[in-house]
$ cat model.cif   # mmCIF, C-alpha atoms and all ligand atoms
data_entry
loop_
_atom_site.label_atom_id
_atom_site.label_comp_id
_atom_site.auth_asym_id
_atom_site.auth_seq_id
_atom_site.Cartn_x
_atom_site.Cartn_y
_atom_site.Cartn_z
CA MET U 1 -6.29 -25.87 3.55
CA THR U 2 -4.25 -23.85 6.06
CA ARG U 3 -5.27 -20.31 6.59
CA ARG U 4 -2.03 -18.42 6.33
CA LEU U 5 -2.79 -15.60 8.78
CA GLU U 6 -4.87 -17.54 11.30
CA GLY U 7 -5.19 -15.50 14.50
CA LYS U 8 -2.83 -12.72 13.37
CA ALA U 9 -3.76 -9.15 14.29
CA ALA U 10 -3.44 -6.70 11.42
CA LEU U 11 -3.99 -2.98 10.88
CA VAL U 12 -4.38 -1.62 7.34
CA ILE U 13 -4.16 2.17 6.89
CA GLY U 14 -5.81 3.61 3.78
CA ALA U 15 -8.31 0.82 3.28
CA ALA U 16 -11.70 2.42 2.57
CA SER U 17 -11.29 1.44 -1.08
CA GLY U 18 -8.94 0.07 -3.72
CA ILE U 19 -5.79 -1.86 -2.84
CA GLY U 20 -6.23 -1.40 0.92
CA LYS U 21 -9.76 -2.79 0.91
CA ALA U 22 -8.66 -5.76 -1.23
CA THR U 23 -5.82 -6.41 1.22
CA ILE U 24 -8.24 -6.48 4.14
CA ILE U 25 -10.52 -8.91 2.27
CA ARG U 26 -7.54 -11.16 1.41
CA PHE U 27 -6.26 -11.12 5.02
CA LEU U 28 -9.75 -11.92 6.35
CA GLU U 29 -9.98 -14.90 3.99
CA GLU U 30 -6.74 -16.20 5.53
CA GLY U 31 -7.97 -15.93 9.12
CA ALA U 32 -6.53 -12.59 10.31
CA ASN U 33 -8.23 -10.17 12.70
CA LEU U 34 -8.37 -6.72 11.16
CA VAL U 35 -8.69 -3.05 12.01
CA LEU U 36 -9.44 -0.68 9.12
CA ALA U 37 -8.01 2.85 9.34
CA ASP U 38 -8.68 5.61 6.84
CA TRP U 39 -9.09 9.38 6.93
CA GLN U 40 -12.39 9.22 5.06
CA ALA U 41 -14.69 8.72 8.04
CA GLU U 42 -17.84 7.87 6.11
CA ALA U 43 -16.36 5.67 3.37
CA GLY U 44 -14.09 3.93 5.88
CA ALA U 45 -16.94 3.20 8.28
CA THR U 46 -19.08 1.89 5.40
CA THR U 47 -16.37 -0.48 4.16
CA ALA U 48 -15.61 -1.68 7.70
CA ALA U 49 -19.31 -2.34 8.36
CA GLU U 50 -19.56 -4.26 5.08
CA LEU U 51 -16.60 -6.42 6.14
CA GLY U 52 -17.68 -6.69 9.80
CA ILE U 53 -14.48 -5.25 11.28
CA PRO U 54 -13.62 -2.26 13.50
CA PHE U 55 -12.91 1.13 11.91
CA ILE U 56 -10.99 4.11 13.19
CA ALA U 57 -10.79 7.48 11.43
CA THR U 58 -7.06 8.06 10.98
CA ASP U 59 -4.97 10.65 9.18
CA VAL U 60 -1.71 8.82 8.53
CA SER U 61 0.22 12.10 8.58
CA LYS U 62 -0.66 12.53 12.28
CA LEU U 63 1.28 10.45 14.80
CA ALA U 64 -1.47 10.61 17.45
CA ASP U 65 -4.03 9.24 14.96
CA VAL U 66 -1.87 6.29 13.97
CA GLU U 67 -0.98 5.58 17.60
CA ALA U 68 -4.71 5.48 18.35
CA ALA U 69 -5.23 3.00 15.49
CA VAL U 70 -2.46 0.78 16.85
CA ALA U 71 -3.97 1.06 20.34
CA LEU U 72 -7.36 -0.04 18.96
CA ALA U 73 -5.83 -3.16 17.41
CA VAL U 74 -4.05 -3.99 20.66
CA ALA U 75 -7.24 -3.36 22.70
CA ARG U 76 -9.27 -5.65 20.41
CA PHE U 77 -6.75 -8.42 19.74
CA GLY U 78 -4.05 -8.07 22.44
CA ARG U 79 -1.28 -7.58 19.86
CA LEU U 80 -0.29 -6.21 16.47
CA ASP U 81 1.38 -8.66 14.10
CA ILE U 82 0.99 -6.85 10.78
CA MET U 83 0.88 -3.15 9.92
CA VAL U 84 0.15 -2.20 6.31
CA GLN U 85 0.68 1.47 5.43
CA ASN U 86 -1.15 1.79 2.12
CA ALA U 87 -2.57 5.34 2.37
CA GLY U 88 -1.41 7.45 -0.50
CA ILE U 89 -2.46 10.36 -2.70
CA TYR U 90 -1.46 10.89 -6.31
CA PRO U 91 -2.57 14.28 -7.67
CA TRP U 92 -1.38 14.95 -11.24
CA GLN U 93 0.70 18.12 -11.15
CA LEU U 94 3.70 19.34 -13.11
CA ILE U 95 6.63 20.50 -10.97
CA GLU U 96 6.28 24.06 -12.27
CA GLN U 97 2.65 24.10 -11.02
CA THR U 98 3.45 22.49 -7.66
CA SER U 99 3.48 24.83 -4.67
CA VAL U 100 5.49 24.09 -1.56
CA GLU U 101 2.15 23.34 0.14
CA ASP U 102 1.22 20.83 -2.60
CA TRP U 103 4.61 19.17 -2.20
CA ASP U 104 4.22 18.96 1.58
CA ARG U 105 0.71 17.51 1.25
CA VAL U 106 1.83 14.62 -0.97
CA LEU U 107 5.03 13.93 0.94
CA GLY U 108 3.11 14.41 4.20
CA THR U 109 0.72 11.59 3.44
CA ASN U 110 2.87 9.22 1.44
CA LEU U 111 6.30 9.53 3.06
CA ARG U 112 5.86 11.21 6.45
CA GLY U 113 2.83 8.92 6.96
CA SER U 114 5.01 5.90 6.23
CA PHE U 115 7.58 6.99 8.82
CA ILE U 116 4.77 7.60 11.31
CA ALA U 117 3.32 4.13 10.69
CA ALA U 118 6.67 2.54 11.53
CA ARG U 119 7.12 4.78 14.57
CA ALA U 120 3.65 3.91 15.91
CA ALA U 121 3.91 0.14 15.33
CA LEU U 122 7.43 -0.20 16.69
CA PRO U 123 6.83 -0.10 20.48
CA VAL U 124 4.19 -2.88 20.34
CA MET U 125 6.09 -5.07 17.90
CA LYS U 126 9.37 -4.56 19.75
CA LYS U 127 7.74 -5.71 22.98
CA GLN U 128 6.30 -8.76 21.20
CA GLY U 129 9.67 -9.54 19.58
CA SER U 130 7.92 -9.95 16.23
CA GLY U 131 6.02 -8.05 13.57
CA ARG U 132 5.61 -7.27 9.89
CA ILE U 133 5.58 -3.70 8.62
CA LEU U 134 4.44 -3.46 4.99
CA TYR U 135 4.21 -0.54 2.58
CA THR U 136 2.56 0.25 -0.72
CA SER U 137 5.33 1.80 -2.75
CA SER U 138 5.01 1.98 -6.56
CA ILE U 139 6.96 1.37 -9.75
CA THR U 140 6.57 5.17 -10.15
CA GLY U 141 9.50 6.77 -8.37
CA PRO U 142 11.72 3.80 -7.57
CA HIS U 143 11.96 2.69 -11.25
CA VAL U 144 10.09 4.91 -13.71
CA THR U 145 8.06 8.09 -13.79
CA SER U 146 6.03 10.34 -16.07
CA PRO U 147 5.33 14.08 -16.20
CA GLY U 148 3.08 15.28 -13.38
CA HIS U 149 4.36 12.85 -10.79
CA GLY U 150 7.31 14.74 -9.25
CA HIS U 151 6.11 14.80 -5.64
CA TYR U 152 4.55 11.34 -5.91
CA SER U 153 7.73 9.82 -7.40
CA ALA U 154 9.88 11.39 -4.69
CA SER U 155 7.54 10.08 -2.00
CA LYS U 156 7.51 6.49 -3.28
CA ALA U 157 11.29 6.40 -3.86
CA GLY U 158 11.58 7.72 -0.29
CA ILE U 159 9.41 4.87 1.00
CA ASN U 160 11.87 2.36 -0.48
CA GLY U 161 14.71 4.06 1.40
CA LEU U 162 12.69 3.96 4.59
CA ILE U 163 11.95 0.25 4.06
CA ARG U 164 15.66 -0.54 3.89
CA ALA U 165 16.63 1.63 6.85
CA ALA U 166 13.80 0.38 9.07
CA ALA U 167 14.47 -3.25 8.09
CA LEU U 168 18.04 -2.86 9.27
CA GLU U 169 17.16 -1.07 12.50
CA PHE U 170 14.27 -3.38 13.43
CA ALA U 171 15.82 -6.74 12.47
CA GLY U 172 17.19 -7.24 15.97
CA TYR U 173 13.65 -6.95 17.35
CA GLY U 174 12.30 -9.73 15.10
CA ILE U 175 10.43 -7.23 12.91
CA THR U 176 10.61 -7.38 9.12
CA VAL U 177 9.89 -4.43 6.83
CA ASN U 178 8.97 -4.85 3.16
CA GLY U 179 6.87 -3.31 0.42
CA VAL U 180 4.93 -3.91 -2.74
CA GLU U 181 5.45 -1.85 -5.91
CA PRO U 182 2.25 -1.92 -7.96
CA GLY U 183 2.18 -0.98 -11.62
CA ASN U 184 -1.15 0.16 -13.05
CA ILE U 185 -3.95 -1.24 -10.93
CA LEU U 186 -7.59 -1.14 -11.98
CA THR U 187 -9.20 0.33 -8.86
CA GLU U 188 -12.73 1.69 -8.57
CA ALA U 189 -11.29 5.21 -8.85
CA ILE U 190 -9.52 4.46 -12.15
CA GLN U 191 -12.64 2.76 -13.54
CA GLN U 192 -14.72 5.82 -12.65
CA HIS U 193 -12.32 8.53 -13.80
CA ARG U 194 -10.65 7.06 -16.89
CA SER U 195 -12.24 6.34 -20.25
CA PRO U 196 -12.18 2.81 -21.72
CA GLU U 197 -9.85 4.16 -24.47
CA PHE U 198 -7.41 5.48 -21.87
CA ILE U 199 -7.47 2.16 -20.00
CA LYS U 200 -6.92 0.29 -23.28
CA GLY U 201 -3.86 2.50 -23.90
CA MET U 202 -2.49 1.54 -20.50
CA GLU U 203 -3.08 -2.14 -21.21
CA ASP U 204 -1.09 -1.86 -24.44
CA ALA U 205 2.02 -0.97 -22.39
CA ILE U 206 1.73 -4.07 -20.23
CA PRO U 207 3.18 -7.42 -21.42
CA LEU U 208 0.46 -9.38 -19.59
CA ALA U 209 -2.04 -7.17 -21.50
CA ARG U 210 -4.24 -6.16 -18.59
CA LEU U 211 -4.14 -3.80 -15.66
CA GLY U 212 -3.55 -5.41 -12.31
CA SER U 213 -6.42 -5.99 -9.92
CA PRO U 214 -6.34 -4.77 -6.31
CA ARG U 215 -6.35 -8.47 -5.41
CA ASP U 216 -3.11 -9.03 -7.36
CA VAL U 217 -1.43 -6.53 -5.01
CA ALA U 218 -3.21 -7.99 -1.97
CA ASN U 219 -1.79 -11.42 -2.84
CA ALA U 220 1.75 -10.02 -2.67
CA PHE U 221 0.96 -8.44 0.71
CA LEU U 222 -0.41 -11.77 1.88
CA PHE U 223 2.84 -13.50 0.99
CA LEU U 224 4.94 -10.83 2.74
CA ALA U 225 2.69 -11.02 5.82
CA SER U 226 2.75 -14.82 5.98
CA ASP U 227 5.23 -17.20 7.60
CA ASP U 228 6.52 -18.02 4.11
CA ALA U 229 8.24 -14.61 4.07
CA ALA U 230 9.89 -15.01 7.48
CA TYR U 231 13.42 -14.58 6.06
CA ILE U 232 12.64 -11.65 3.76
CA THR U 233 13.28 -8.10 4.91
CA GLY U 234 14.21 -4.73 3.43
CA THR U 235 12.87 -5.44 -0.02
CA THR U 236 9.97 -4.84 -2.39
CA ILE U 237 7.96 -6.98 -4.80
CA VAL U 238 7.05 -5.52 -8.19
CA VAL U 239 3.44 -6.34 -9.17
CA ASP U 240 3.15 -4.83 -12.65
CA GLY U 241 2.33 -7.51 -15.25
CA GLY U 242 5.84 -7.07 -16.69
CA GLN U 243 5.43 -3.35 -17.37
CA LEU U 244 9.00 -2.52 -16.33
CA LEU U 245 10.56 -5.05 -18.69
CA PRO U 246 10.43 -3.67 -22.27
CA GLU U 247 13.39 -1.71 -23.66
CA GLY U 248 11.07 0.07 -26.09
CA ALA U 249 7.44 0.40 -27.13
CA ASP U 250 7.54 -2.41 -29.71
CA PHE U 251 7.82 -5.37 -27.39
CA ARG U 252 5.22 -7.86 -28.55
CA ILE U 253 6.50 -10.95 -30.32
CA MET U 254 3.03 -11.42 -31.79
CA PRO U 255 1.68 -7.88 -32.18
CA ASP U 256 -1.86 -9.02 -33.09
CA ARG U 257 -2.22 -11.38 -30.17
CA ARG U 258 -3.13 -9.72 -26.92
N1 LIG U 301 -3.88 2.24 -8.32
C1 LIG U 301 -2.66 2.16 -8.82
O1 LIG U 301 -2.46 1.96 -10.02
C2 LIG U 301 -1.46 2.30 -7.90
C3 LIG U 301 -0.18 2.04 -8.43
C4 LIG U 301 0.93 2.15 -7.60
C5 LIG U 301 0.77 2.49 -6.28
N2 LIG U 301 -0.47 2.75 -5.79
C6 LIG U 301 -0.58 3.10 -4.37
O2 LIG U 301 -1.53 2.25 -3.78
C7 LIG U 301 -2.07 2.89 -2.62
C8 LIG U 301 -3.58 2.75 -2.64
O3 LIG U 301 -4.06 3.43 -3.74
P1 LIG U 301 -5.41 3.02 -4.53
O4 LIG U 301 -5.06 3.06 -5.96
O5 LIG U 301 -6.00 1.80 -3.96
O6 LIG U 301 -6.29 4.32 -4.30
P2 LIG U 301 -7.45 4.69 -3.29
O7 LIG U 301 -7.56 6.17 -3.40
O8 LIG U 301 -8.62 3.83 -3.58
O9 LIG U 301 -6.87 4.29 -1.86
C9 LIG U 301 -6.13 5.14 -1.04
C10 LIG U 301 -6.77 5.18 0.31
O10 LIG U 301 -5.92 5.94 1.18
C11 LIG U 301 -6.75 6.82 1.91
N3 LIG U 301 -5.97 7.99 2.34
C12 LIG U 301 -5.49 8.99 1.57
N4 LIG U 301 -4.85 9.88 2.33
C13 LIG U 301 -4.93 9.43 3.61
C14 LIG U 301 -4.46 9.91 4.86
N5 LIG U 301 -3.79 11.09 4.97
N6 LIG U 301 -4.69 9.17 5.96
C15 LIG U 301 -5.38 8.00 5.89
N7 LIG U 301 -5.87 7.51 4.75
C16 LIG U 301 -5.64 8.22 3.62
C17 LIG U 301 -7.89 7.18 0.98
O11 LIG U 301 -9.00 7.69 1.69
C18 LIG U 301 -8.14 5.86 0.29
O12 LIG U 301 -9.09 5.06 0.99
C19 LIG U 301 -1.54 4.32 -2.63
O13 LIG U 301 -0.44 4.42 -1.75
C20 LIG U 301 -1.09 4.50 -4.07
O14 LIG U 301 -0.06 5.45 -4.18
C21 LIG U 301 -1.59 2.67 -6.57
#
$ encode --input "model.cif" --output "structure tokens"
Amino acid sequence: MTRRLEGKAALVIGAASGIGKATIIRFLEEGANLVLADWQAEAGATTAAELGIPFIATDVSKLADVEAAVALAVARFGRLDIMVQNAGIYPWQLIEQTSVEDWDRVLGTNLRGSFIAARAALPVMKKQGSGRILYTSSITGPHVTSPGHGHYSASKAGINGLIRAAALEFAGYGITVNGVEPGNILTEAIQQHRSPEFIKGMEDAIPLARLGSPRDVANAFLFLASDDAAYITGTTIVVDGGQLLPEGADFRIMPDRR
């Protein structure tokens, strides 16, 4: 079996847990060399030690931090083939309760951080004449939303705009830019903080009748990072078990069969 990322150098930002950690594991399985970046110094270092890869404490909203993470990948592996900007925060907050500072904090991580990731990866990838820049967007914002997700929705819709603009600007340098839009993913955090009843309610809204796993999202990242996606740029892949499809709540053809 060919390992699809054999010898590729990759940096994943926001990978101490959840989707980012699963992406690192998936990329390692396919032969990539990884650097793990996250702003949680202790959790990030623990995950990196568990996976046997280098860790760098990185706040994605700070250009100098992300440049240092890129520099670490280049120092270790001599290049940077794949940058995944997955760091994101999703506090539940109605717009009328959201202060300007709250807004800036969410946009600062999710959207400003995504711009910074592109800005920091560009010089190295441009020099190489190749590279993949990948983002974790969401179905929330670009397609749907719910109360309490104003800043989050704006940030993820903004990421999709950035993906298209960067794809166009970087195409001439041999760099592609794409994203993944997860639906509801069963991460450790959701398992810890949500009741089984709440999770069951979420499952009922999903045609494939389960939440996604972090690995489901990692598999989409793997495809976008691999040679198979060489001709794909400026787009996103929805990974949501069909959640965006129904016109209304009553969508099961066999309501008793889940
Ligand atoms: N879980 C879902 O259902 C879901 C759905 C759609 C999109 N997403 C997106 O997936 C991404 C990963 O989320 P997750 O669900 O795995 O949650 P998570 O909280 O487990 O992972 C997010 C990681 O980003 C890190 N992070 C947060 N702010 C950071 C910063 N400023 N700098 C560096 N690292 C930072 C966190 O420490 C954490 O390790 C996020 O962008 C989130 O918006 C998640």
$ residues_near_ligand --input "model.cif" --ligand "ligand LIG 301 (chain U)" --cutoff "8 Å" --atoms "only C-alpha atoms and all ligand atoms" --output "PyMOL selection string"
chain U and resi 13-21+37-40+43-44+57-61+85-90+108-110+113+136-140+152+156+181-190+212+214
$ residues_around --input "model.cif" --residues "Phe27 of chain U" --least-positions-apart "5" --cutoff "7 Å" --atoms "only C-alpha atoms" --output "short mmCIF file (atom, residue, chain, number, x, y, z; two decimals) with C-alpha atoms, in the frame of the given file"
data_model
loop_
_atom_site.label_atom_id
_atom_site.label_comp_id
_atom_site.auth_asym_id
_atom_site.auth_seq_id
_atom_site.Cartn_x
_atom_site.Cartn_y
_atom_site.Cartn_z
CA LEU U 5 -2.79 -15.60 8.78
CA ALA U 32 -6.53 -12.59 10.31
CA LEU U 222 -0.41 -11.77 1.88
#
$ atom_distance --input "model.cif" --atom1 "atom CA of His143 of chain U" --atom2 "atom CA of Val217 of chain U"
17.4 Å
$ residues_near_point --input "model.cif" --point "(13.3, -4.9, 13.6)" --cutoff "12 Å" --atoms "all atoms listed in the file" --output "VMD selection string"
chain U and resid 118 to 119 121 to 133 163 to 178 232 to 234
$ atom_distance --input "model.cif" --atom1 "atom CA of Gly158 of chain U" --atom2 "atom CA of Val144 of chain U"
13.8 Å
$ atom_distance --input "model.cif" --atom1 "atom CA of Glu29 of chain U" --atom2 "atom CA of Val66 of chain U"
24.8 Å
$ residues_around --input "model.cif" --residues "Phe223 of chain U" --least-positions-apart "6" --cutoff "10 Å" --atoms "all atoms listed in the file" --output "list of chain:residue names"
U:Arg4, U:Leu5, U:Ala229, U:Ala230
$ closest_residue --input "model.cif" --among "U:Leu94, U:Met83, U:Ala154, U:Leu224" --to "Leu107 of chain U" --atoms "only C-alpha atoms"
U:Ala154
$ residues_around --input "model.cif" --residues "Asn33 of chain U" --least-positions-apart "2" --cutoff "12 Å" --atoms "all atoms listed in the file" --output "PDB file with C-alpha atoms, in the frame of the given file"
ATOM      1  CA  LEU U   5      -2.790 -15.600   8.780  1.00  0.00           C
ATOM      2  CA  GLU U   6      -4.870 -17.540  11.300  1.00  0.00           C
ATOM      3  CA  GLY U   7      -5.190 -15.500  14.500  1.00  0.00           C
ATOM      4  CA  LYS U   8      -2.830 -12.720  13.370  1.00  0.00           C
ATOM      5  CA  ALA U   9      -3.760  -9.150  14.290  1.00  0.00           C
ATOM      6  CA  ALA U  10      -3.440  -6.700  11.420  1.00  0.00           C
ATOM      7  CA  LEU U  11      -3.990  -2.980  10.880  1.00  0.00           C
ATOM      8  CA  VAL U  12      -4.380  -1.620   7.340  1.00  0.00           C
ATOM      9  CA  ILE U  24      -8.240  -6.480   4.140  1.00  0.00           C
ATOM     10  CA  ILE U  25     -10.520  -8.910   2.270  1.00  0.00           C
ATOM     11  CA  ARG U  26      -7.540 -11.160   1.410  1.00  0.00           C
ATOM     12  CA  PHE U  27      -6.260 -11.120   5.020  1.00  0.00           C
ATOM     13  CA  LEU U  28      -9.750 -11.920   6.350  1.00  0.00           C
ATOM     14  CA  GLU U  29      -9.980 -14.900   3.990  1.00  0.00           C
ATOM     15  CA  GLU U  30      -6.740 -16.200   5.530  1.00  0.00           C
ATOM     16  CA  GLY U  31      -7.970 -15.930   9.120  1.00  0.00           C
ATOM     17  CA  VAL U  35      -8.690  -3.050  12.010  1.00  0.00           C
ATOM     18  CA  LEU U  36      -9.440  -0.680   9.120  1.00  0.00           C
ATOM     19  CA  LEU U  51     -16.600  -6.420   6.140  1.00  0.00           C
ATOM     20  CA  GLY U  52     -17.680  -6.690   9.800  1.00  0.00           C
ATOM     21  CA  ILE U  53     -14.480  -5.250  11.280  1.00  0.00           C
ATOM     22  CA  PRO U  54     -13.620  -2.260  13.500  1.00  0.00           C
ATOM     23  CA  LEU U  72      -7.360  -0.040  18.960  1.00  0.00           C
ATOM     24  CA  ALA U  73      -5.830  -3.160  17.410  1.00  0.00           C
ATOM     25  CA  VAL U  74      -4.050  -3.990  20.660  1.00  0.00           C
ATOM     26  CA  ARG U  76      -9.270  -5.650  20.410  1.00  0.00           C
ATOM     27  CA  PHE U  77      -6.750  -8.420  19.740  1.00  0.00           C
ATOM     28  CA  GLY U  78      -4.050  -8.070  22.440  1.00  0.00           C
ATOM     29  CA  ARG U  79      -1.280  -7.580  19.860  1.00  0.00           C
ATOM     30  CA  LEU U  80      -0.290  -6.210  16.470  1.00  0.00           C
ATOM     31  CA  ASP U  81       1.380  -8.660  14.100  1.00  0.00           C
ATOM     32  CA  ILE U  82       0.990  -6.850  10.780  1.00  0.00           C
ATOM     33  CA  MET U  83       0.880  -3.150   9.920  1.00  0.00           C
TER      34      MET U  83
END
$ closest_residue --input "model.cif" --among "U:Ala45, U:Val180, U:Ala249, U:Ala205" --to "Asn219 of chain U" --atoms "all atoms listed in the file"
U:Val180
$ closest_residue --input "model.cif" --among "U:Leu211, U:Leu34, U:Val239, U:Ala49" --to "Ile199 of chain U" --atoms "all atoms listed in the file"
U:Leu211
